[in-house]
Protein chains: 4
Amino acid sequence: MLSIAVLGCGRIGRMHAANIAAHPAARVAGVFDVHRPAADEVGALLGVRVCDSVEAVLADPAVDAVLIASSTPTHADLIEACIAAGKPVLCEKPIDLDLARVDACAAKIAGTQLPVMLGFVRRFDAGHRAVRDAVAAGDLGNLHQVIVTSRDPGLAPVAYLEASGGIFRDMTIHDFDMARFVLGEEVTEVWATGSRLLEPALMEKLGDYDTVTVVLRTASGRQAIINNARKAAYGYDQRVEAHGDGGLAISENHPAHRMVLSRAEFTARAAPLQNFFIERYREAFAAEIGAFVTAVTTGRAPDVGFADGRAALVLAEAALRSVAEGRTVAVSEIG
Amino acid sequence: MLSIAVLGCGRIGRMHAANIAAHPAARVAGVFDVHRPAADEVGALLGVRVCDSVEAVLADPAVDAVLIASSTPTHADLIEACIAAGKPVLCEKPIDLDLARVDACAAKIAGTQLPVMLGFVRRFDAGHRAVRDAVAAGDLGNLHQVIVTSRDPGLAPVAYLEASGGIFRDMTIHDFDMARFVLGEEVTEVWATGSRLLEPALMEKLGDYDTVTVVLRTASGRQAIINNARKAAYGYDQRVEAHGDGGLAISENHPAHRMVLSRAEFTARAAPLQNFFIERYREAFAAEIGAFVTAVTTGRAPDVGFADGRAALVLAEAALRSVAEGRTVAVSEIG
Amino acid sequence: MLSIAVLGCGRIGRMHAANIAAHPAARVAGVFDVHRPAADEVGALLGVRVCDSVEAVLADPAVDAVLIASSTPTHADLIEACIAAGKPVLCEKPIDLDLARVDACAAKIAGTQLPVMLGFVRRFDAGHRAVRDAVAAGDLGNLHQVIVTSRDPGLAPVAYLEASGGIFRDMTIHDFDMARFVLGEEVTEVWATGSRLLEPALMEKLGDYDTVTVVLRTASGRQAIINNARKAAYGYDQRVEAHGDGGLAISENHPAHRMVLSRAEFTARAAPLQNFFIERYREAFAAEIGAFVTAVTTGRAPDVGFADGRAALVLAEAALRSVAEGRTVAVSEIG
Amino acid sequence: MLSIAVLGCGRIGRMHAANIAAHPAARVAGVFDVHRPAADEVGALLGVRVCDSVEAVLADPAVDAVLIASSTPTHADLIEACIAAGKPVLCEKPIDLDLARVDACAAKIAGTQLPVMLGFVRRFDAGHRAVRDAVAAGDLGNLHQVIVTSRDPGLAPVAYLEASGGIFRDMTIHDFDMARFVLGEEVTEVWATGSRLLEPALMEKLGDYDTVTVVLRTASGRQAIINNARKAAYGYDQRVEAHGDGGLAISENHPAHRMVLSRAEFTARAAPLQNFFIERYREAFAAEIGAFVTAVTTGRAPDVGFADGRAALVLAEAALRSVAEGRTVAVSEIG
């Protein structure tokens with residue numbers, strides 16, 4: 001049994017803790033939150049120990065690994081501390097909103113053999129993964145275009161948006177990673193555009209966008225199109241489409257159930273989409289824990305690591321520069 | 001060019017005439033209707049000759065073949081007359097509502113080498129045919145069950161219903177033929193039940209049913225389930241499903257177009273079904289004409305002939321007896 | 001927290017125990033199996049107490065309720081014992097394969113106010129339930145036909161089949177319950193047919209069928225069609241379809257994931273179906289535990305109770321008689 | 001009856017002539033082709049007059065209108081000649097590959113009240129049109145993104161590609177028009193990228209691309225994404241997707257028929273897509289003729305006219321410049 005401590009007991013940390021508890025080869029070593037009542041609640045629900053401090057967690061030899069689900073600004077510090085304490089890490093995305101801080105963190109943990117896994121959970125979705133696997137297996141022949149559609153069912157709270165680093169760093173970041181996952185080649189060029197159409201006044205105030213399109217290009221000319229919106233009336237739209245000269249693979253949306261209704265005015269009307277990410281990616285979150293347990297117990301590098309977290313952030317920076325300058329930006333310009 | 005005369009210029013005769021005109025290897029030799037203005041209208045629309053009588057049509061050496069689309073009670077007489085005149089026939093279903101009359105007709109035309117094709121148009125639908133072809137090609141392994149779903153979008157006019165011979169002879173007759181087409185074995189047993197749920201008062205008055213289920217069984221034990229309703233709010237429901245030990249083939253419904261709408265309350269809502277048979281089976285009607293042209297010009301027996309018309313009627317009789325007696329009826333009891 | 005003991009630690013008991021453990025308002029009071037190592041394994045996995053005997057479980061005041069997942073022949077005895085001990089029960093279907101034993105059990109527990117819930121898990125499937133809810137809400141207008149398709153992905157082991165009581169009592173029993181659930185009226189007539197097409201030699205030996213069709217009818221004339229096969233190459237086929245004069249609701253199958261592939265030879269090819277019932281009805285099994293917890297804690301009658309278990313068995317008996325006698329059987333003939 | 005002459009008797013002209021013949025309110029006034037045998041063949045097939053010259057057609061008072069389906073370089077000359085002769089025109093796209101020639105043509109016909117309709121047939125597809133109608137009706141709320149997917153099933157012949165003007169002017173031109181049709185606002189900015197991945201050697205030689213992505217933007221910030229490939233193994237991929245803050249509308253692909261197959265390895269495998277545009281847009285081509293007949297007989301401006309043909313070409317020019325310069329191009333830069 002692998003004992004994993006969970007830092008951060010908000011909605012996501014709580015879910016991760018339950019998934020660890022349900023995993024046959026893992027247990028929750030303890031939970032911590034700067035807001036003690038949140039940790040107490042999770043501790044009571046799962047019948048696990050509540051820890052007094054990060055230091056206590058990291059000093060505890062019974063803790064085999066750490067899952068970081070605290071707020072974004074703490075991620076880089078905690079990764080560094082975990083590695084220093086000899087604990088493998090599964091960290092929620094992003095590493096940090098600031099590329100310089102990410103690079104400093106990278107420098108600090110350079111050379112470690114401990115697994116550092118990034119929580120790009122969508123890679124563990126069976127449908128999205130089947131698209132990637134179809135590409136890898138050659139079922140699509142030579143890949144030429146990828147389309148990633150990602151729309152949130154509703155606007156996040158304003159406080160969240162203010163701290164989010166903007167749509168490219170917060171929301172598109174998942175799609176940058178998904179595009180990289182499916183493309184199978186590094187991205188060399190980025191172009192992006194952003195509009196304020198859904199919540200124009202708020203977006204203007206935040207200096208952010210609610211509707212964006214990004215096009216990525218690899219050295220060989222493969223193209224990936226990302227389309228995002230910060231809200232979609234019909235729910236959480238999560239699709240991935242890959243075109244090769246041998247075929248097409250699409251990972252389709254998930255309605256909440258499979259009953260379809262037909263009446264005089266229509267046929268085959270399906271239920272609303274699963275809403276929101278905790279429902280839609282429920283199996284993927286469980287599979288992510290499984291991948292982390294495997295990485296730690298086998299010592300093999302995790303499927304998605306620190307470098308992937310950094311690469312996605314670089315694409316976000318390139319997208320921002322593209323919007324600002326109205327031109328295609330080379331990834332090499334960002335660093 | 002094969003010159004085909006059309007007897008009967010109602011809605012169906014008119015459509016057949018247009019399909020003949022559009023066929024690259026056929027032309028309309030002339031049209032006739034007991035109601036002269038109906039024939040005149042079709043003649044003017046298609047720029048073809050209007051004939052004065054059936055006798056004139058049959059006596060005309062320029063007429064290579066005849067399509068019978070007149071009212072049901074005239075079918076058997078006209079088939080006999082055409083064969084006597086040496087003209088191949090494509091006759092709309094049914095041959096007659098009365099099995100004795102069908103048998104008399106059979107006796108009269110016995111021994112003819114002329115093609116007599118029955119208008120079971122659904123056999124020419126690309127989707128339904130693909131189900132049958134999957135069975136024939138062994139894609140489904142050994143067939144064990146067939147489900148034929150057939151529902152009209154709305155009730156036919158009362159005058160039509162009164163002359164229809166009842167739901168089994170009028171509506172289920174198509175499904176008996178479809179079941180035979182897919183089963184690939186002759187039916188030996190029939191069980192049926194009928195309800196009055198959609199238009200109870202009218203059905204009571206007519207001694208008819210609006211909702212029926214029929215189960216057919218072949219000697220080897222293959223089963224076919226037919227479900228019918230005389231009206232379906234969501235449109236013309238036409239599906240065929242075949243199960244074998246190697247797979248399943250389903251011929252799905254046709255929405256009027258392929259736009260699907262998603263909103264807050266639902267996703268993937270499709271357009272209403274194509275409504276009614278002239279739209280839904282448009283390509284099938286054209287393919288039916290093609291098959292007739294091929295049969296006449298090559299001298300090969302048509303895909304669906306007189307014996308098929310009789311066999312479907314026998315199953316209708318068996319279904320009626322099953323409903324009356326509350327038991328499984330052997331087809332051999334009907335004759 | 002409701003403390004539920006689990007009797008029977010086979011595949012299904014194990015799953016129920018895990019679902020109880022995962023329920024926020026329930027805990028596993030203990031597990032028991034006549035084969036001690038099975039109980040030990042579940043006990044270790046979930047960290048729960050292993051009980052020495054049924055008597056010990058029933059005598060324990062800390063046990064609030066009992067889930068019966070032991071072998072079928074023990075069900076009726078255990079229900080009686082639980083009720084005698086004052087423990088609410090959730091019992092896997094069937095109550096017993098013998099109607100007389102079911103009636104004796106009913107007599108023994110007559111008058112109890114304790115919840116006795118039957119494990120017809122499919123009632124808790126979100127899609128199937130949405131069909132029933134559409135009927136109940138009037139979305140379909142007046143219901144006239146129901147089609148229940150249920151096919152197992154592969155043949156059960158011979159030992160299982162020998163003890164199963166035959167396809168109607170073992171497999172169709174779920175569909176009898178589903179038909180009753182959706183029909184909203186009691187069934188008054190039954191007709192059935194059975195074939196030996198998938199495993200003819202084995203079925204002959206067992207005196208059983210591998211392919212059956214059953215048609216049920218209510219007093220008002222509503223019809224329900226059940227089609228079953230003991231194996232389906234393409235996986236676990238579980239569909240429910242309801243037709244009313246206002247619309248159609250279909251609960252569709254569940255592919256394992258939502259990636260669809262298109263290549264030169266085909267388009268939109270989906271993944272195989274979820275296989276088998278533990279995967280397909282995973283959420284339903286969890287919801288079933290939730291419904292039991294609610295019934296026990298609120299004292300409200302469970303959604304599906306002893307009478308439903310008996311009613312489904314009566315329909316199985318009627319189906320057997322119909323096959324034997326080649327006629328429609330009135331449910332009142334069975335009792 | 002409107003008498004329409006057809007200039008050009010290649011594959012497309014032939015199809016248009018047949019559609020005119022089948023239209024209840026139109027007839028083919030005559031056909032012409034510079035290659036006489038092509039015209040003779042169509043004349044014989046449809047039983048219509050073969051004309052000796054364009055001049056003879058335009059001088060004939062019995063010709064009410066003209067359909068231009070000859071080669072692209074003749075379009076502008078013929079439009080000018082038709083208008084000079086007082087004949088309404090339906091011209092296949094494009095007007096010309098050269099914007100200056102288009103503008104010269106515009107100047108020549110300036111002020112005419114005669115209908116000049118452009119053959120952007122996809123606007124008449126029921127599914128695509130339903131997307132536009134959903135936007136126009138407000139079913140999607142405020143529109144923010146449109147995705148147009150358009151892929152040919154196979155590479156056109158090299159001779160065709162050499163004369164095509166490149167992918168943006170030849171293939172994407174349809175999608176530029178579709179985007180404009182759905183967006184409901186004029187496009188102000190264009191960005192594009194092109195790759196050589198499917199036929200790299202040939203594309204290099206032609207200076208053309210086989211895989212392109214274009215992003216359009218309107219003044220208010222609406223975005224349209226076009227993705228094209230010159231061949232798609234799975235057939236003719238033609239989809240349109242529109243997102244608004246109230247919903248999503250997708251016009252889905254058309255399989256050749258609706259039979260879906262399930263076997264051990266997959267479920268719901270559909271038939272290949274309709275292949276090619278003459279099949280896929282068959283009803284749309286017929287509806288296009290209908291719209292032209294309506295425009296001419298009512299004197300109302302056609303749904304899609306000269307200005308639309310020019311606007312699409314301007315977007316193609318902007319896309320070419322964007323590719324060349326690696327930047328977002330303002331439509332106003334093109335003129």
# chains A, B, ... in the order shown; residues from 1 in each chain; ligands from 1
$ interface_residues --of "chain A" --to "chain D" --cutoff "7 Å" --atoms "only C-alpha atoms" --output "list in words"
His144, Ser195, Leu197, Leu198, Gly221, Ala232, Ala233, Tyr234, Asp245, Gly246, Gly247, Gly326, Arg327 and Thr328 of chain A
$ write_last_selection --atoms "C-alpha atoms" --output "compact mmCIF listing (two decimals), in the first residue's frame"
# COMPACT_ATOMS: atom_id res chain seq x y z
CA HIS A 144 -2.20 16.36 -40.20
CA SER A 195 -12.79 38.08 -28.10
CA LEU A 197 -18.53 38.34 -26.43
CA LEU A 198 -20.02 36.43 -23.53
CA GLY A 221 3.46 21.28 -40.55
CA ALA A 232 -21.55 27.15 -23.03
CA ALA A 233 -25.29 27.01 -22.44
CA TYR A 234 -25.49 23.31 -23.32
CA ASP A 245 -4.41 10.59 -44.14
CA GLY A 246 -5.77 7.20 -43.08
CA GLY A 247 -8.71 8.22 -40.94
CA GLY A 326 -1.35 40.15 -34.38
CA ARG A 327 1.18 37.72 -35.76
CA THR A 328 2.33 34.13 -35.69
$ residues_around --residues "Val314 in chain A" --least-positions-apart "3" --cutoff "9 Å" --atoms "only C-alpha atoms" --output "ChimeraX atom specification"
/A:99,309-311,317-319,331,334-335
$ write_last_selection --atoms "N, CA and C atoms" --output "mmCIF file, in the first residue's frame"
data_model
loop_
_atom_site.group_PDB
_atom_site.id
_atom_site.type_symbol
_atom_site.label_atom_id
_atom_site.label_comp_id
_atom_site.auth_asym_id
_atom_site.auth_seq_id
_atom_site.Cartn_x
_atom_site.Cartn_y
_atom_site.Cartn_z
ATOM 1 N N LEU A 99 6.361 31.957 -15.822
ATOM 2 C CA LEU A 99 7.319 31.035 -16.410
ATOM 3 C C LEU A 99 8.671 31.091 -15.676
ATOM 4 N N GLY A 309 4.171 20.326 -17.978
ATOM 5 C CA GLY A 309 3.557 21.501 -17.345
ATOM 6 C C GLY A 309 4.198 22.783 -17.845
ATOM 7 N N ARG A 310 5.520 22.760 -17.972
ATOM 8 C CA ARG A 310 6.227 23.947 -18.464
ATOM 9 C C ARG A 310 5.878 24.215 -19.934
ATOM 10 N N ALA A 311 5.863 23.168 -20.741
ATOM 11 C CA ALA A 311 5.618 23.342 -22.183
ATOM 12 C C ALA A 311 4.257 23.982 -22.438
ATOM 13 N N GLU A 317 2.056 31.578 -23.056
ATOM 14 C CA GLU A 317 2.786 32.845 -23.225
ATOM 15 C C GLU A 317 2.850 33.244 -24.699
ATOM 16 N N ALA A 318 3.083 32.260 -25.555
ATOM 17 C CA ALA A 318 3.157 32.538 -26.997
ATOM 18 C C ALA A 318 1.812 33.019 -27.518
ATOM 19 N N ALA A 319 0.736 32.414 -27.014
ATOM 20 C CA ALA A 319 -0.612 32.824 -27.447
ATOM 21 C C ALA A 319 -0.872 34.271 -27.042
ATOM 22 N N VAL A 331 7.619 29.538 -31.008
ATOM 23 C CA VAL A 331 7.754 29.105 -29.623
ATOM 24 C C VAL A 331 9.169 29.431 -29.113
ATOM 25 N N ILE A 334 9.781 32.482 -26.962
ATOM 26 C CA ILE A 334 9.382 32.496 -25.549
ATOM 27 C C ILE A 334 10.475 31.866 -24.687
ATOM 28 N N GLY A 335 11.062 30.808 -25.197
ATOM 29 C CA GLY A 335 12.169 30.223 -24.429
ATOM 30 C C GLY A 335 11.839 28.841 -23.931
#
$ residues_around --residues "Leu46 in chain D" --least-positions-apart "3" --cutoff "10 Å" --atoms "only C-alpha atoms" --output "list in words"
Ala21, Ala22 and Pro24 of chain B; Arg14, Ala17, Ala18, Ala21, Val28, Glu41, Val42, Gly43 and Arg49 of chain D
$ write_last_selection --atoms "N, CA, C and O atoms" --output "CSV table (one decimal), in the first residue's frame"
chain,number,residue,atom,x,y,z
B,21,ALA,N,-39.7,8.4,-65.8
B,21,ALA,CA,-39.2,9.4,-66.8
B,21,ALA,C,-37.7,9.8,-66.5
B,21,ALA,O,-36.9,10.1,-67.4
B,22,ALA,N,-37.4,9.7,-65.2
B,22,ALA,CA,-36.0,10.1,-64.8
B,22,ALA,C,-35.0,8.9,-65.0
B,22,ALA,O,-33.8,9.2,-64.9
B,24,PRO,N,-32.6,6.5,-66.8
B,24,PRO,CA,-31.9,6.7,-68.1
B,24,PRO,C,-32.3,5.7,-69.2
B,24,PRO,O,-32.2,5.9,-70.4
D,14,ARG,N,-24.3,19.0,-66.8
D,14,ARG,CA,-25.2,17.9,-67.1
D,14,ARG,C,-26.1,17.8,-65.9
D,14,ARG,O,-27.3,17.6,-66.0
D,17,ALA,N,-28.6,20.6,-65.8
D,17,ALA,CA,-29.6,20.5,-66.8
D,17,ALA,C,-30.7,19.5,-66.4
D,17,ALA,O,-31.9,19.8,-66.5
D,18,ALA,N,-30.3,18.4,-65.8
D,18,ALA,CA,-31.3,17.4,-65.3
D,18,ALA,C,-32.1,18.0,-64.2
D,18,ALA,O,-33.4,17.8,-64.2
D,21,ALA,N,-34.7,20.2,-65.7
D,21,ALA,CA,-35.7,19.4,-66.4
D,21,ALA,C,-36.7,18.9,-65.3
D,21,ALA,O,-37.9,18.8,-65.6
D,28,VAL,N,-35.4,23.1,-69.8
D,28,VAL,CA,-34.1,23.4,-70.4
D,28,VAL,C,-34.4,24.0,-71.8
D,28,VAL,O,-34.9,23.3,-72.7
D,41,GLU,N,-24.6,14.8,-76.2
D,41,GLU,CA,-25.0,13.7,-75.3
D,41,GLU,C,-26.0,14.2,-74.3
D,41,GLU,O,-27.0,13.5,-74.0
D,42,VAL,N,-25.9,15.4,-73.7
D,42,VAL,CA,-26.9,15.9,-72.8
D,42,VAL,C,-28.2,16.1,-73.5
D,42,VAL,O,-29.3,15.8,-73.0
D,43,GLY,N,-28.1,16.7,-74.7
D,43,GLY,CA,-29.3,16.9,-75.5
D,43,GLY,C,-30.1,15.7,-75.7
D,43,GLY,O,-31.3,15.7,-75.5
D,49,ARG,N,-32.8,20.7,-77.0
D,49,ARG,CA,-32.1,21.3,-78.1
D,49,ARG,C,-30.6,21.5,-77.8
D,49,ARG,O,-30.3,22.0,-76.7
$ select_by_dssp --residues "range 135-259 of chain D" --states "helix (DSSP H, G or I)" --output "JSON, numbers by chain"
{"D": [135, 136, 158, 159, 160, 161, 162, 163, 167, 168, 169, 170, 172, 173, 174, 175, 176, 177, 178, 179, 180, 181, 182, 183, 200, 201, 202, 203, 204, 205, 206]}
$ residues_around --residues "range 184-186 of chain B" --least-positions-apart "3" --cutoff "7 Å" --atoms "only C-alpha atoms" --output "ChimeraX atom specification"
/B:180-181,218
$ residues_around --residues "Val121 in chain D" --least-positions-apart "2" --cutoff "7 Å" --atoms "only C-alpha atoms" --output "VMD selection string"
chain D and resid 119 123 to 124 284 to 285 288
$ write_last_selection --atoms "N, CA and C atoms" --output "CSV table (one decimal), in the first residue's frame"
chain,number,residue,atom,x,y,z
D,119,GLY,N,-23.3,30.2,-57.7
D,119,GLY,CA,-23.6,28.8,-57.3
D,119,GLY,C,-22.9,28.3,-56.1
D,123,ARG,N,-25.0,26.6,-49.4
D,123,ARG,CA,-26.0,27.4,-48.7
D,123,ARG,C,-27.4,26.8,-48.8
D,124,PHE,N,-27.6,25.9,-49.8
D,124,PHE,CA,-28.9,25.3,-50.0
D,124,PHE,C,-29.0,23.9,-49.4
D,284,ALA,N,-29.4,19.8,-52.4
D,284,ALA,CA,-29.0,21.3,-52.4
D,284,ALA,C,-28.9,21.8,-53.8
D,285,PHE,N,-28.4,21.0,-54.7
D,285,PHE,CA,-28.3,21.5,-56.1
D,285,PHE,C,-29.7,21.7,-56.7
D,288,GLU,N,-31.1,24.8,-55.2
D,288,GLU,CA,-30.4,26.0,-55.8
D,288,GLU,C,-31.1,26.4,-57.1
$ residues_around --residues "Thr72 in chain A" --least-positions-apart "2" --cutoff "9 Å" --atoms "only C-alpha atoms" --output "count of residues only"
13
$ residues_around --residues "range 292-305 of chain C" --least-positions-apart "2" --cutoff "8 Å" --atoms "only C-alpha atoms" --output "PyMOL selection string"
chain C and resi 2+25-26+65+88+90+114-120+288-290+307-309
$ write_last_selection --atoms "all heavy atoms" --output "short mmCIF file (atom, residue, chain, number, x, y, z; two decimals), in the first residue's frame"
data_model
loop_
_atom_site.label_atom_id
_atom_site.label_comp_id
_atom_site.auth_asym_id
_atom_site.auth_seq_id
_atom_site.Cartn_x
_atom_site.Cartn_y
_atom_site.Cartn_z
N LEU C 2 -25.56 4.44 8.66
CA LEU C 2 -26.29 3.17 8.70
C LEU C 2 -25.29 2.03 8.57
O LEU C 2 -24.49 2.00 7.62
CB LEU C 2 -27.29 3.14 7.55
CG LEU C 2 -28.31 2.01 7.56
CD1 LEU C 2 -29.38 2.27 8.62
CD2 LEU C 2 -28.96 1.86 6.19
N ALA C 25 -23.34 7.98 3.87
CA ALA C 25 -24.17 7.79 5.06
C ALA C 25 -24.27 6.33 5.48
O ALA C 25 -25.17 5.96 6.24
CB ALA C 25 -25.57 8.37 4.80
N ALA C 26 -23.38 5.49 4.97
CA ALA C 26 -23.46 4.07 5.33
C ALA C 26 -22.06 3.51 5.60
O ALA C 26 -21.06 4.07 5.16
CB ALA C 26 -24.13 3.29 4.20
N ALA C 65 -28.95 -3.14 9.25
CA ALA C 65 -29.65 -3.69 8.09
C ALA C 65 -28.75 -4.72 7.42
O ALA C 65 -27.55 -4.78 7.71
CB ALA C 65 -29.97 -2.57 7.08
N PRO C 88 -33.94 -4.68 8.48
CA PRO C 88 -34.34 -4.39 7.08
C PRO C 88 -33.41 -5.13 6.12
O PRO C 88 -32.24 -5.36 6.44
CB PRO C 88 -34.14 -2.89 6.95
CG PRO C 88 -34.12 -2.36 8.35
CD PRO C 88 -33.57 -3.46 9.22
N LEU C 90 -32.01 -5.80 1.99
CA LEU C 90 -31.89 -5.62 0.54
C LEU C 90 -31.39 -6.96 0.01
O LEU C 90 -30.28 -7.38 0.33
CB LEU C 90 -30.88 -4.51 0.21
CG LEU C 90 -30.42 -4.41 -1.25
CD1 LEU C 90 -31.59 -4.36 -2.23
CD2 LEU C 90 -29.55 -3.17 -1.45
N LEU C 114 -40.83 -3.57 8.30
CA LEU C 114 -39.43 -3.39 7.93
C LEU C 114 -39.27 -3.37 6.40
O LEU C 114 -39.93 -4.16 5.71
CB LEU C 114 -38.58 -4.54 8.49
CG LEU C 114 -38.47 -4.60 10.01
CD1 LEU C 114 -37.84 -5.92 10.45
CD2 LEU C 114 -37.66 -3.41 10.53
N PRO C 115 -38.44 -2.51 5.89
CA PRO C 115 -38.21 -2.49 4.44
C PRO C 115 -37.60 -3.81 3.95
O PRO C 115 -36.63 -4.30 4.53
CB PRO C 115 -37.20 -1.35 4.25
CG PRO C 115 -37.31 -0.51 5.47
CD PRO C 115 -37.70 -1.43 6.59
N VAL C 116 -38.21 -4.38 2.92
CA VAL C 116 -37.63 -5.51 2.22
C VAL C 116 -37.49 -5.07 0.76
O VAL C 116 -38.49 -4.96 0.04
CB VAL C 116 -38.49 -6.78 2.31
CG1 VAL C 116 -37.84 -7.93 1.53
CG2 VAL C 116 -38.69 -7.17 3.76
N MET C 117 -36.26 -4.84 0.35
CA MET C 117 -36.02 -4.30 -0.99
C MET C 117 -35.42 -5.39 -1.87
O MET C 117 -34.61 -6.18 -1.41
CB MET C 117 -35.07 -3.10 -0.87
CG MET C 117 -34.71 -2.45 -2.19
SD MET C 117 -33.95 -0.80 -1.92
CE MET C 117 -33.11 -0.58 -3.49
N LEU C 118 -35.86 -5.44 -3.14
CA LEU C 118 -35.33 -6.44 -4.07
C LEU C 118 -34.30 -5.78 -4.99
O LEU C 118 -34.52 -4.66 -5.47
CB LEU C 118 -36.46 -7.03 -4.91
CG LEU C 118 -36.85 -8.47 -4.58
CD1 LEU C 118 -35.84 -9.46 -5.11
CD2 LEU C 118 -37.05 -8.64 -3.08
N GLY C 119 -33.24 -6.50 -5.29
CA GLY C 119 -32.14 -5.94 -6.06
C GLY C 119 -32.35 -5.93 -7.57
O GLY C 119 -31.50 -6.45 -8.31
N PHE C 120 -33.44 -5.36 -8.04
CA PHE C 120 -33.60 -5.17 -9.49
C PHE C 120 -32.86 -3.89 -9.86
O PHE C 120 -33.46 -2.82 -10.02
CB PHE C 120 -35.08 -5.09 -9.85
CG PHE C 120 -35.77 -6.43 -9.89
CD1 PHE C 120 -36.94 -6.65 -9.16
CD2 PHE C 120 -35.27 -7.47 -10.68
CE1 PHE C 120 -37.58 -7.88 -9.21
CE2 PHE C 120 -35.92 -8.70 -10.73
CZ PHE C 120 -37.07 -8.91 -9.99
N GLU C 288 -28.62 2.10 -6.11
CA GLU C 288 -29.46 1.12 -5.42
C GLU C 288 -29.15 1.13 -3.91
O GLU C 288 -30.07 1.12 -3.08
CB GLU C 288 -29.19 -0.27 -6.01
CG GLU C 288 -30.04 -1.39 -5.49
CD GLU C 288 -29.62 -2.73 -6.10
OE1 GLU C 288 -28.48 -3.18 -5.86
OE2 GLU C 288 -30.43 -3.32 -6.83
N ILE C 289 -27.86 1.16 -3.59
CA ILE C 289 -27.49 1.24 -2.17
C ILE C 289 -28.06 2.53 -1.57
O ILE C 289 -28.62 2.53 -0.46
CB ILE C 289 -25.94 1.21 -2.02
CG1 ILE C 289 -25.39 -0.15 -2.45
CG2 ILE C 289 -25.52 1.54 -0.57
CD1 ILE C 289 -25.84 -1.34 -1.64
N GLY C 290 -27.96 3.60 -2.33
CA GLY C 290 -28.50 4.87 -1.85
C GLY C 290 -29.98 4.79 -1.57
O GLY C 290 -30.47 5.31 -0.56
N ALA C 307 -43.04 -7.69 -3.35
CA ALA C 307 -44.13 -7.95 -4.30
C ALA C 307 -43.65 -7.87 -5.74
O ALA C 307 -44.13 -8.60 -6.62
CB ALA C 307 -45.28 -6.96 -4.07
N ASP C 308 -42.68 -6.98 -5.99
CA ASP C 308 -42.13 -6.88 -7.34
C ASP C 308 -41.33 -8.13 -7.69
O ASP C 308 -41.35 -8.60 -8.83
CB ASP C 308 -41.24 -5.64 -7.45
CG ASP C 308 -42.03 -4.36 -7.25
OD1 ASP C 308 -42.98 -4.13 -8.03
OD2 ASP C 308 -41.74 -3.61 -6.32
N GLY C 309 -40.61 -8.64 -6.70
CA GLY C 309 -39.86 -9.88 -6.93
C GLY C 309 -40.78 -11.03 -7.25
O GLY C 309 -40.53 -11.84 -8.16
#
$ closest_residue --among "C:Pro255, C:Pro73, C:Gly165, C:Gly47" --to "Ala271 in chain C" --atoms "only C-alpha atoms"
C:Pro255
$ select_by_dssp --residues "range 146-304 of chain C" --states "strand (DSSP E)" --output "ChimeraX atom specification"
/C:146-151,187-195,211-218,223-229,237-244,247-251,259-263,266-270
